[in-house]
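Down below is the structure, laid out as structure tokens.
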Number of protein chains: 2
Amino acid sequence: MHKISTYIKLNKLHVFIMLLTFMLFADMTKAQKATWIWYPGDYEVWLSNRMQNRRTERGAFFPPFWKLDSHYVLVDFHKDFTLANPETVELAVEGQYNVKLDGKALAGYPKNIHVPAGRHRLSLKVYNQAAAPAIFVKGQQLVSDTSWLVTYEDKEWIDESGKTSDVSATKYVNAGNWNFDSADKLPSAFRLPTEEHNPEKIERKEHSILVDFGKETFGYAKLIGLKGKGNIKFCYGESKEEALSLTNCELLDSVYIDQLQKADHTMEGSRAFRYINVLFDDHVSADDVSMLYEYSPVEQRGSFKCSDELINKIWDVSAYTLHLNTREFFIDGIKRDRWIWSGDAYQSYLMNYYLYFDSPTVTRTLYALRGKDPVTSHINTIMDYTFYWFMGIYDYYQYTGDKSFIKQMYPRMQSLMSYCLQRRDKNGLMEGLPGDWVFIDWADKLSKKGEVSFEQLLLCRSLETMALCANIMDDKMGNDQYQKLSADLKSKIFSLYWNSDEHAFVHSLVDGKQSDNVTRYTNMFSIFFNYLNPGQQQEIKKYVLLNDNIQKITTPYMRFYELEALCAMGEQSYVLKEMKDYWGGMLNLGAKSFWEEYNPAKTGTDRYAMYGRPFGKSLCHAWGASPIYLLGKYYLGVKPTAPGYQQYIIEPKLGGLQWMEGSVPTADGDIKVSCSTKQIKVSSNTGIGLLRFISTSKPVCKEGEVIAKGNGSYELSIQKQKQYTINYSAKK
Amino acid sequence: MHKISTYIKLNKLHVFIMLLTFMLFADMTKAQKATWIWYPGDYEVWLSNRMQNRRTERGAFFPPFWKLDSHYVLVDFHKDFTLANPETVELAVEGQYNVKLDGKALAGYPKNIHVPAGRHRLSLKVYNQAAAPAIFVKGQQLVSDTSWLVTYEDKEWIDESGKTSDVSATKYVNAGNWNFDSADKLPSAFRLPTEEHNPEKIERKEHSILVDFGKETFGYAKLIGLKGKGNIKFCYGESKEEALSLTNCELLDSVYIDQLQKADHTMEGSRAFRYINVLFDDHVSADDVSMLYEYSPVEQRGSFKCSDELINKIWDVSAYTLHLNTREFFIDGIKRDRWIWSGDAYQSYLMNYYLYFDSPTVTRTLYALRGKDPVTSHINTIMDYTFYWFMGIYDYYQYTGDKSFIKQMYPRMQSLMSYCLQRRDKNGLMEGLPGDWVFIDWADKLSKKGEVSFEQLLLCRSLETMALCANIMDDKMGNDQYQKLSADLKSKIFSLYWNSDEHAFVHSLVDGKQSDNVTRYTNMFSIFFNYLNPGQQQEIKKYVLLNDNIQKITTPYMRFYELEALCAMGEQSYVLKEMKDYWGGMLNLGAKSFWEEYNPAKTGTDRYAMYGRPFGKSLCHAWGASPIYLLGKYYLGVKPTAPGYQQYIIEPKLGGLQWMEGSVPTADGDIKVSCSTKQIKVSSNTGIGLLRFISTSKPVCKEGEVIAKGNGSYELSIQKQKQYTINYSAKK
């Protein structure tokens with residue numbers, strides 16, 4: 001802006017020309033932030049390879065069993081721009097590179113280049129096999145950012161005469177970035193931050209030290225004042241029993257040292273634990289044990305407090321559980337897999353919208369899960385997990401309104417959907433083919449045979465996502481095609497799986513016949529997918545969700561959806577009790593984070609067993625943190641009704657609480673709600689909101705007009721940056 | 001074998017059981033060679049990325065303009081085997097890895113493991129982002145070799161109960177290898193060997209040294225006794241003029257030194273040159289200049305000598321030209337691109353069969369060119385180059401009979417062909433789409449518009465290759481489909497492009513109409529593709545090949561095929577003269593290797609210009625070496641008639657020479673031919689041969705029965721490892 005004001009002294013024509021230039025290439029006049037850029041998704045894929053290859057099991061490396069992709073090793077970056085003034089531009093590059101200004105290559109590997117005023121094209125082409133090619137460009141006017149175009153195949157050949165090729169078919173996309181905003185912040189050098197934590201309790205024996213950090217945690221074990229010659233073993237435990245079991249602890253490290261002088265030693269590999277039992281050889285000793293706690297620096301913007309202390313505790317432990325599992329990506333659990341599982345991550349996205357609203361962790365995870373073409377398998381090899389990936393994009397768009405991400409991802413969505421559609425059977429349904437894992441849930445005797453209704457339901461939702469994104473892409477043909485496919489499939493789901501005797505969808509078709517099995521999955525999803533009429537909803541509620549004869553769910557994973565379905569039907573009071581029972585049950589057992597699976601019927605160390613191993617179960621699993629989502633979306637009652645909270649609704653439901661208050665983050669600011677049986681206060685920094693509530697008395701609000709909708713239902717329009725206080729009386 | 005004899009002392013049943021065991025797992029009893037193995041094609045793709053990213057142009061890095069692929073970063077290797085005796089097995093791995101014996105993981109990264117006697121499965125799973133995951137396993141009995149199975153996606157998940165997944169759909173393929181036969185010979189550390197060469201001439205000036213190595217060469221410039229502080233520039237020249245042109249030499253390096261004591265300095269980058277002009281800053285000097293000559297250690301097994309010294313010189317310079325361009329892969333030329341171009345490489349394969357018979361360089365090059373799925377462009381972006389890739393596989397199979405390679409490559413052949421077939425137009429023909437480069441040849445005003453007949457002809461041959469390979473793969477449906485496609489296309493080529501007034505195929509269809517343009521390309525290829533009847537052949541010979549009104553070919557690239565077509569029609573005498581004119585023409589100009597393009601009409605330094613640059617032309621281009629192929633295949637007359645020289649023909653044609661003698665390598669040994677106007681001597685170490693020749697007198701052969709076929713034509717059957725001497729008189 002300063003620059004423009006100096007021109008006011010010049011004659012009018014000059015000013016006009018200058019302004020015109022600024023308008024045409026307006027981006028050059030704005031204050032901009034230089035950031036490292038790369039081919040979109042490539043850094044994410046590369047980083048996920050690093051992260052997913054850190055799993056160990058009792059000291060043995062344990063990599064994933066699906067295909068890992070790679071970044072493009074050769075990437076061309078360019079930008080067309082106009083400089084008002086000549087300038088020197090700083091370049092930093094990860095890889096071997098060339099620099100071309102207006103098509104002319106500069107010799108060597110320049111770190112600074114001079115760019116004259118006027119219109120130019122700057123190109124950098126980077127080769128890097130070991131890490132994603134990335135560049136950082138910083139001038140006063142020209143900087144690297146997502147407006148740069150990139151391609152993995154520029155097709156810029158020249159013929160015999162020196163004539164250059166037609167590049168009309170070269171596919172350029174906008175560069176990807178994150179937050180590496182200085183030349184020395186190399187993307188490939190990225191590490192999560194750490195801080196040193198000391199144990200709460202220490203038990204020293206002759207050849208061992210057992211430490212207790214007081215809660216589930218994650219990081220690098222550190223020995224203080226280590227000396228001697230010999231081996232040291234680290235038995236990590238999420239439970240004390242596990243740390244004390246040298247033969248069965250899931251995580252076991254060892255290191256050999258030979259040092260006369262005392263020195264500290266930090267282990268290379270990060271691990272999950274509450275306890276560490278450090279076992280020393282005869283001639284080795286250490287003074288103390290501590291740890292470097294490693295964490296993602298995401299900001300906790302969402303909050304929830306209420307009149308029920310147990311619910312508050314559940315919310316806090318959920319937030320801690322999600323934070324431990326929010327790392328470079330959303331992972332399943334910190335002890336065992338530490339992989340990116342699409343079904344698990346899908347729930348973390350949803351919780352994220354009510355805790356951090358950290359979009360980069362969502363998009364990074366979606367990129368990592370999708371990988372690259374060709375598609376050779378379902379995501380994580382699991383059919384349902386492919387569909388959750390699509391659904392994750394649907395929700396991401398709804399919460400953030402971020403069209404640029406959809407644009408980058410749409411081709412990969414198309415090829416993955418085309419993989420799915422090719423695998424339909426003669427009935428147009430998807431059945432597990434050899435190599436496919438039909439997962440659904442960890443549950444006893446859950447049939448995966450035939451055409452499982454749950455898979456068709458998720459496919460249907462995925463097709464709806466495709467139609468939505470086709471529309472954003474102005475892909476009319478795609479939109480029509482996907483709409484037709486989803487509509488046809490939806491009607492097929494009703495005609496093939498709905499059983500009026502059972503008042504529910506059946507679990508599967510086997511050899512063309514309905515199985516006599518009714519499970520909760522399809523039924524509960526169909527509720528919050530809004531596929532049912534009110535009568536069907538009530539049937540399912542009665543005959544499935546609230547029916548103890550239908551096999552119970554024992555994973556927090558599927559409890560998430562079961563309780564969501566009940567909340568969507570207004571059963572907040574019931575769900576509150578369930579939450580207190582189920583999550584409260586884990587807390588009663590001393591849980592400091594929520595588990596992969598919880599079955600109240602199990603006792604003793606049996607609770608820790610899974611996968612046929614005594615400590616196989618993860619005691620800190622992202623999918624255990626769903627109360628964050630349920631309380632934010634269905635109690636505070638905040639949710640977007642148009643992409644990116646351009647429009648949203650606040651529909652507080654106390655569900656038996658005396659009061660609650662909290663904050664829901666959005667891309668533009670927070671939505672704050674506090675609600676008791678007598679008063680609702682709301683304020684928002686984003687979009688156009690609508691408060692909807694039930695009152696038995698006539699509500700009073702000074703700041704806006706409360707409109708009665710009949711049956712004790714009221715609505716109030718919420719404007720940005722205004723505070724509303726409504727006095728009312730809640731239905732008892 | 002020693003082991004078996006000890007068992008003879010045991011009772012019969014025991015012996016029987018032992019023998020049975022040996023029979024079932026026979027590979028364990030043979031003496032085997034441990035070798036580094038990887039996912040087939042992955043090391044090749046990785047190595048080609050390194051090689052193709054070594055090009056520079058006047059000091060600026062100049063990478064390819066097509067997509068570069070990557071190895072799979074996570075690969076699972078396994079082998080099922082039975083050990084007669086327990087043994088300790090040595091492991092070496094490139095990457096982070098785990099080791100599982102019979103499914104049980106061993107902790108850490110073991111370098112040796114103990115394997116008990118009996119039946120086992122050994123698995124290693126390796127993660128490596130920077131280079132292809134590779135393993136080396138060496139015991140007395142168990143070794144890593146191509147019998148190991150590999151996959152990039154094992155899908156070995158376990159469910160809640162500890163049950164492992166169904167891996168029936170996991171795609172295992174045999175491992176790839178080369179010649180890294182010891183643990184310390186790491187594939188990623190591979191470098192071509194070098195040896196120090198001194199210049200033939202040195203011209204010293206005050207601030208420069210100009211050296212002449214006496215011939216075209218390749219390697220690393222080395223300064224002897226370098227000292228001082230300042231810059232040194234290296235102007236490389238294939239010609240003296242180029243080395244002396246600081247402003248226009250194509251290859252230009254510079255280095256800054258600061259050293260008080262004299263020391264030698266070898267440049268990092270390898271370059272092509274005959275001359276180097278080294279320019280020193282004021283305070284820098286060196287005593288001498290030498291080079292480290294870098295070369296591929298392929299063995300020159302083929303030979304050719306004859307009564308014409310110019311032809312001998314042409315053969316020798318061709319062999320040297322091909323050797324310089326035979327590096328990690330077959331490249332186009334050593335000065336400029338140093339890339340793998342499919343059209344260029346295709347000719348190198350053919351020459352290779354008559355010079356080295358080095359199959360690994362062929363398969364490596366085919367792997368590198370094909371890269372990985374998805375196919376996003378033609379190979380090297382050039383439509384014709386995609387087809388040469390298929391044709392290269394056809395020939396490779398014909399010369400080597402190597403079915404295992406076809407099996408590894410077939411899926412990539414299918415996906416590339418499917419890419420092509422999808423790009424056909426409404427007439428079922430392939431036309432250049434945006435981004436496609438229709439190359440054909442470097443030639444003035446060569447039209448690429450419309451549906452070019454040459455491209456359809458190559459597509460037809462490619463479809464025949466697909467049918468052949470489908471047959472090898474027992475893919476009956478594929479075989480039928482590709483046969484039908486090729487037959488249909490062939491008949492379309494005749495109906496659409498043959499013009500009886502022109503007695504030839506026309507160049508193209510534009511807007512559905514035949515262009516009035518006749519070029520040599522389609523016509524000459526149709527001859528050695530054997531698509532014509534004898535009448536059509538003669539028409540083309542007269543109206544195209546021997547017709548000066550048809551635009552002449554100026555590249556050795558297309559001279560290759562033009563002369564091949566004439567040879568195929570028995571025009572060896574004419575071709576001999578042409579060879580002496582054309583290649584002899586280059587020798588007359590002082591060529592020490594053959595050029596990218598040669599137009600006798602050009603004079604002075606104009607000869608060195610191309611691409612609009614004064615020294616743009618490569619003076620050492622693989623496609624210049626075709627006399628090796630022509631002389632081996634059409635003068636010595638040796639060619640396979642069944643895959644892998646199981647059957648072959650020897651049909652010597654002197655073409656006006658008084659005598660010739662030479663050797664043609666095969667996978668099993670050499671075929672030797674010497675022939676004069678009076679005597680033919682042949683011997684062979686492979687397959688079933690047939691000598692065919694013309695004689696005006698009755699031939700005499702003591703070693704076999706010469707059978708008259710009429711018209712002065714005779715045949716003699718050749719048996720392995722016998723020598724034949726036939727006395728005859730050749731037609732004058």
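By order in the structure tokens, chains are A, B, ...; within a chain, residues start at 1; ligands start at 1, following the order shown.
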Per residue of chain A within 6 Å of chain B, which atom pair is closest and at what distance in Å (one decimal), using only C-alpha atoms, listed by chain and increasing number, as a tab-separated table?
residue	atom	partner	partner_atom	distance
A:Gly59	CA	B:Ala107	CA	4.7
A:Ala60	CA	B:Ala107	CA	4.2
A:Phe61	CA	B:Asn98	CA	5.2
A:Phe65	CA	B:Lys155	CA	4.9
A:Trp66	CA	B:Glu153	CA	4.7
A:Lys67	CA	B:Glu153	CA	4.8
A:Asn98	CA	B:Phe61	CA	5.3
A:Ala107	CA	B:Ala60	CA	4.2
A:Gly108	CA	B:Ala60	CA	5.2
A:Gln129	CA	B:Ala130	CA	5.7
A:Ala130	CA	B:Ala130	CA	4.1
A:Tyr152	CA	B:Lys67	CA	5.6
A:Glu153	CA	B:Trp66	CA	4.6
A:Asp154	CA	B:Phe65	CA	5.4
A:Lys155	CA	B:Phe65	CA	4.9
A:Glu156	CA	B:Phe65	CA	5.8
A:Glu160	CA	B:Tyr611	CA	4.5
A:Ser161	CA	B:Tyr611	CA	4.7
A:Gly162	CA	B:Tyr611	CA	4.4
A:Val167	CA	B:Gly435	CA	5.9
A:Ala169	CA	B:Gly435	CA	4.8
A:Pro374	CA	B:Pro374	CA	5.5
A:Pro434	CA	B:Ala169	CA	5.3
A:Gly435	CA	B:Ala169	CA	4.8
A:Tyr611	CA	B:Gly162	CA	4.4
A:Gly612	CA	B:Gly162	CA	5.2
Give me the residues near A:Asn248 as JSON, numbers by chain, where near means some atom within 8 Å (using only C-alpha atoms) and where sequence neighbours in that chain fewer than 4 positions away do not count.
{"A": [242, 613, 614, 615]}
Pull N, CA, C and O atoms from the residues just selected and write them as a PDB file, in the first residue's frame.
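Saved result, out-v9.pdb, follows:
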ATOM      1  N   GLU A 242       1.797 -54.648  31.781  1.00  0.00           N
ATOM      2  CA  GLU A 242       2.502 -54.796  30.500  1.00  0.00           C
ATOM      3  C   GLU A 242       3.987 -54.456  30.670  1.00  0.00           C
ATOM      4  O   GLU A 242       4.854 -55.176  30.194  1.00  0.00           O
ATOM      5  N   ARG A 613      -3.025 -61.661  21.863  1.00  0.00           N
ATOM      6  CA  ARG A 613      -1.825 -61.319  22.657  1.00  0.00           C
ATOM      7  C   ARG A 613      -2.271 -60.626  23.957  1.00  0.00           C
ATOM      8  O   ARG A 613      -3.183 -59.800  23.935  1.00  0.00           O
ATOM      9  N   PRO A 614      -1.616 -60.931  25.077  1.00  0.00           N
ATOM     10  CA  PRO A 614      -2.116 -60.444  26.370  1.00  0.00           C
ATOM     11  C   PRO A 614      -2.164 -58.915  26.481  1.00  0.00           C
ATOM     12  O   PRO A 614      -3.014 -58.387  27.199  1.00  0.00           O
ATOM     13  N   PHE A 615      -1.257 -58.196  25.781  1.00  0.00           N
ATOM     14  CA  PHE A 615      -1.314 -56.736  25.844  1.00  0.00           C
ATOM     15  C   PHE A 615      -1.503 -56.140  24.444  1.00  0.00           C
ATOM     16  O   PHE A 615      -1.027 -55.050  24.140  1.00  0.00           O
TER      17      PHE A 615
END
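Excluding A:Trp315 itself and same-chain residues fewer than 3 positions from it, the residues having an atom within 7 Å of it are A:Ile311, A:Asn312, A:Ser318, A:Ala319, A:Pro627, A:Ile628, counting only C-alpha atoms.
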For the selection you just gave me, I'd like the residues written to a file as a PDB file, in the first residue's frame, keeping all heavy atoms.
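Output contents, as saved in again.pdb:
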ATOM      1  N   ILE A 311     -18.990 -36.120  32.914  1.00  0.00           N
ATOM      2  CA  ILE A 311     -18.974 -35.745  31.493  1.00  0.00           C
ATOM      3  C   ILE A 311     -17.790 -34.811  31.207  1.00  0.00           C
ATOM      4  O   ILE A 311     -17.102 -34.956  30.185  1.00  0.00           O
ATOM      5  CB  ILE A 311     -20.324 -35.094  31.089  1.00  0.00           C
ATOM      6  CG1 ILE A 311     -21.456 -36.137  31.112  1.00  0.00           C
ATOM      7  CG2 ILE A 311     -20.232 -34.434  29.714  1.00  0.00           C
ATOM      8  CD1 ILE A 311     -21.387 -37.188  30.020  1.00  0.00           C
ATOM      9  N   ASN A 312     -17.519 -33.904  32.106  1.00  0.00           N
ATOM     10  CA  ASN A 312     -16.360 -33.019  31.921  1.00  0.00           C
ATOM     11  C   ASN A 312     -15.066 -33.827  31.858  1.00  0.00           C
ATOM     12  O   ASN A 312     -14.188 -33.558  31.026  1.00  0.00           O
ATOM     13  CB  ASN A 312     -16.270 -31.996  33.057  1.00  0.00           C
ATOM     14  CG  ASN A 312     -17.392 -30.976  32.966  1.00  0.00           C
ATOM     15  OD1 ASN A 312     -17.995 -30.805  31.893  1.00  0.00           O
ATOM     16  ND2 ASN A 312     -17.697 -30.321  34.071  1.00  0.00           N
ATOM     17  N   SER A 318     -11.077 -37.430  26.477  1.00  0.00           N
ATOM     18  CA  SER A 318     -11.254 -37.570  25.025  1.00  0.00           C
ATOM     19  C   SER A 318     -10.315 -36.617  24.296  1.00  0.00           C
ATOM     20  O   SER A 318      -9.646 -36.995  23.322  1.00  0.00           O
ATOM     21  CB  SER A 318     -12.693 -37.248  24.616  1.00  0.00           C
ATOM     22  OG  SER A 318     -13.573 -38.198  25.151  1.00  0.00           O
ATOM     23  N   ALA A 319     -10.256 -35.382  24.751  1.00  0.00           N
ATOM     24  CA  ALA A 319      -9.398 -34.385  24.096  1.00  0.00           C
ATOM     25  C   ALA A 319      -7.936 -34.821  24.186  1.00  0.00           C
ATOM     26  O   ALA A 319      -7.175 -34.712  23.209  1.00  0.00           O
ATOM     27  CB  ALA A 319      -9.590 -33.017  24.741  1.00  0.00           C
ATOM     28  N   PRO A 627     -16.761 -38.570  22.261  1.00  0.00           N
ATOM     29  CA  PRO A 627     -17.591 -37.610  23.001  1.00  0.00           C
ATOM     30  C   PRO A 627     -17.329 -36.150  22.599  1.00  0.00           C
ATOM     31  O   PRO A 627     -18.243 -35.322  22.673  1.00  0.00           O
ATOM     32  CB  PRO A 627     -17.218 -37.892  24.463  1.00  0.00           C
ATOM     33  CG  PRO A 627     -16.950 -39.362  24.478  1.00  0.00           C
ATOM     34  CD  PRO A 627     -16.202 -39.592  23.173  1.00  0.00           C
ATOM     35  N   ILE A 628     -16.109 -35.834  22.179  1.00  0.00           N
ATOM     36  CA  ILE A 628     -15.829 -34.472  21.704  1.00  0.00           C
ATOM     37  C   ILE A 628     -16.815 -34.076  20.609  1.00  0.00           C
ATOM     38  O   ILE A 628     -17.375 -32.983  20.608  1.00  0.00           O
ATOM     39  CB  ILE A 628     -14.399 -34.393  21.116  1.00  0.00           C
ATOM     40  CG1 ILE A 628     -13.368 -34.641  22.197  1.00  0.00           C
ATOM     41  CG2 ILE A 628     -14.170 -33.058  20.427  1.00  0.00           C
ATOM     42  CD1 ILE A 628     -11.980 -34.912  21.615  1.00  0.00           C
TER      43      ILE A 628
END
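You will find atom CA of B:Leu563 at 28.5 Å from atom CA of B:Ser296.
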For A:Leu122, the nearest of the candidates A:Gly656, A:Gly637, A:Gly103, A:Gly139, counting only C-alpha atoms
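The shortest atom-to-atom distance to A:Leu122 comes from A:Gly103.
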Within stretch 388-585 of chain B, find each residue whose DSSP state, derived from the backbone, is strand (DSSP E or B), and express the selection as an MDAnalysis selection string.
chainID B and resid 424 430 437 451:452 498:499 504:505 508:510 513:514
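Comparing A:Leu636, A:Leu322, A:Leu576, A:Ala467 by their smallest distance to A:Val673, the closest is A:Leu636 (using only C-alpha atoms).
For the pair atom CA of A:Phe329 and atom CA of A:Arg607, the interatomic distance is 27.8 Å.
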I'd like the contact shell of stretch 414-421 of chain B - 9 Å cut-off, only C-alpha atoms, skipping same-chain residues fewer than 4 positions apart - returned as a PyMOL selection string.
chain B and resi 370+373-378+383+386+390+409-410+428-430+459+462-463+466
Write the residues of the selection above to a file with C-alpha atoms, as a compact mmCIF listing (two decimals), in the first residue's frame.
# COMPACT_ATOMS: atom_id res chain seq x y z
CA ARG B 370 8.31 -48.29 -19.56
CA ASP B 373 1.65 -47.29 -14.17
CA PRO B 374 -0.32 -45.18 -14.61
CA VAL B 375 0.58 -44.39 -18.21
CA THR B 376 0.14 -40.64 -18.57
CA SER B 377 1.92 -40.11 -21.87
CA HIS B 378 3.60 -41.92 -24.73
CA MET B 383 3.87 -41.91 -30.22
CA THR B 386 5.78 -46.24 -27.62
CA PHE B 390 6.73 -53.06 -28.05
CA MET B 409 6.62 -57.29 -18.33
CA TYR B 410 3.28 -58.48 -19.70
CA GLY B 428 -9.72 -46.83 -35.29
CA LEU B 429 -6.47 -45.05 -36.17
CA MET B 430 -4.00 -43.17 -34.02
CA LEU B 459 0.85 -49.90 -33.99
CA SER B 462 2.96 -53.63 -31.64
CA LEU B 463 -0.36 -55.48 -31.62
CA MET B 466 1.00 -58.25 -27.82
Could you list, as a ChimeraX atom specification, every residue within 10 Å of A:Ile472, counting only C-alpha atoms and ignoring same-chain residues fewer than 3 positions away?
/A:403-404,406-407,410,466-469,475-476,479
Would you export the selected residues with C-alpha atoms as a compact mmCIF listing (two decimals), in the first residue's frame, please?
# COMPACT_ATOMS: atom_id res chain seq x y z
CA LYS A 403 -12.90 -25.82 -2.96
CA SER A 404 -9.22 -25.67 -3.84
CA ILE A 406 -11.51 -30.59 -3.92
CA LYS A 407 -10.00 -29.38 -7.18
CA TYR A 410 -10.97 -34.71 -7.77
CA MET A 466 -18.66 -37.71 -6.02
CA ALA A 467 -21.74 -35.91 -7.32
CA LEU A 468 -21.15 -33.02 -4.92
CA CYS A 469 -17.51 -32.69 -6.00
CA ASP A 475 -18.22 -31.54 -14.31
CA LYS A 476 -21.84 -31.71 -15.42
CA ASN A 479 -22.49 -34.93 -11.65
Between B:Pro411, B:Phe528, B:Phe505, B:Lys222, which one has atoms that come closest to B:Arg461, using only C-alpha atoms?
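Looking at the shortest contact to B:Arg461, the residue is B:Phe528.
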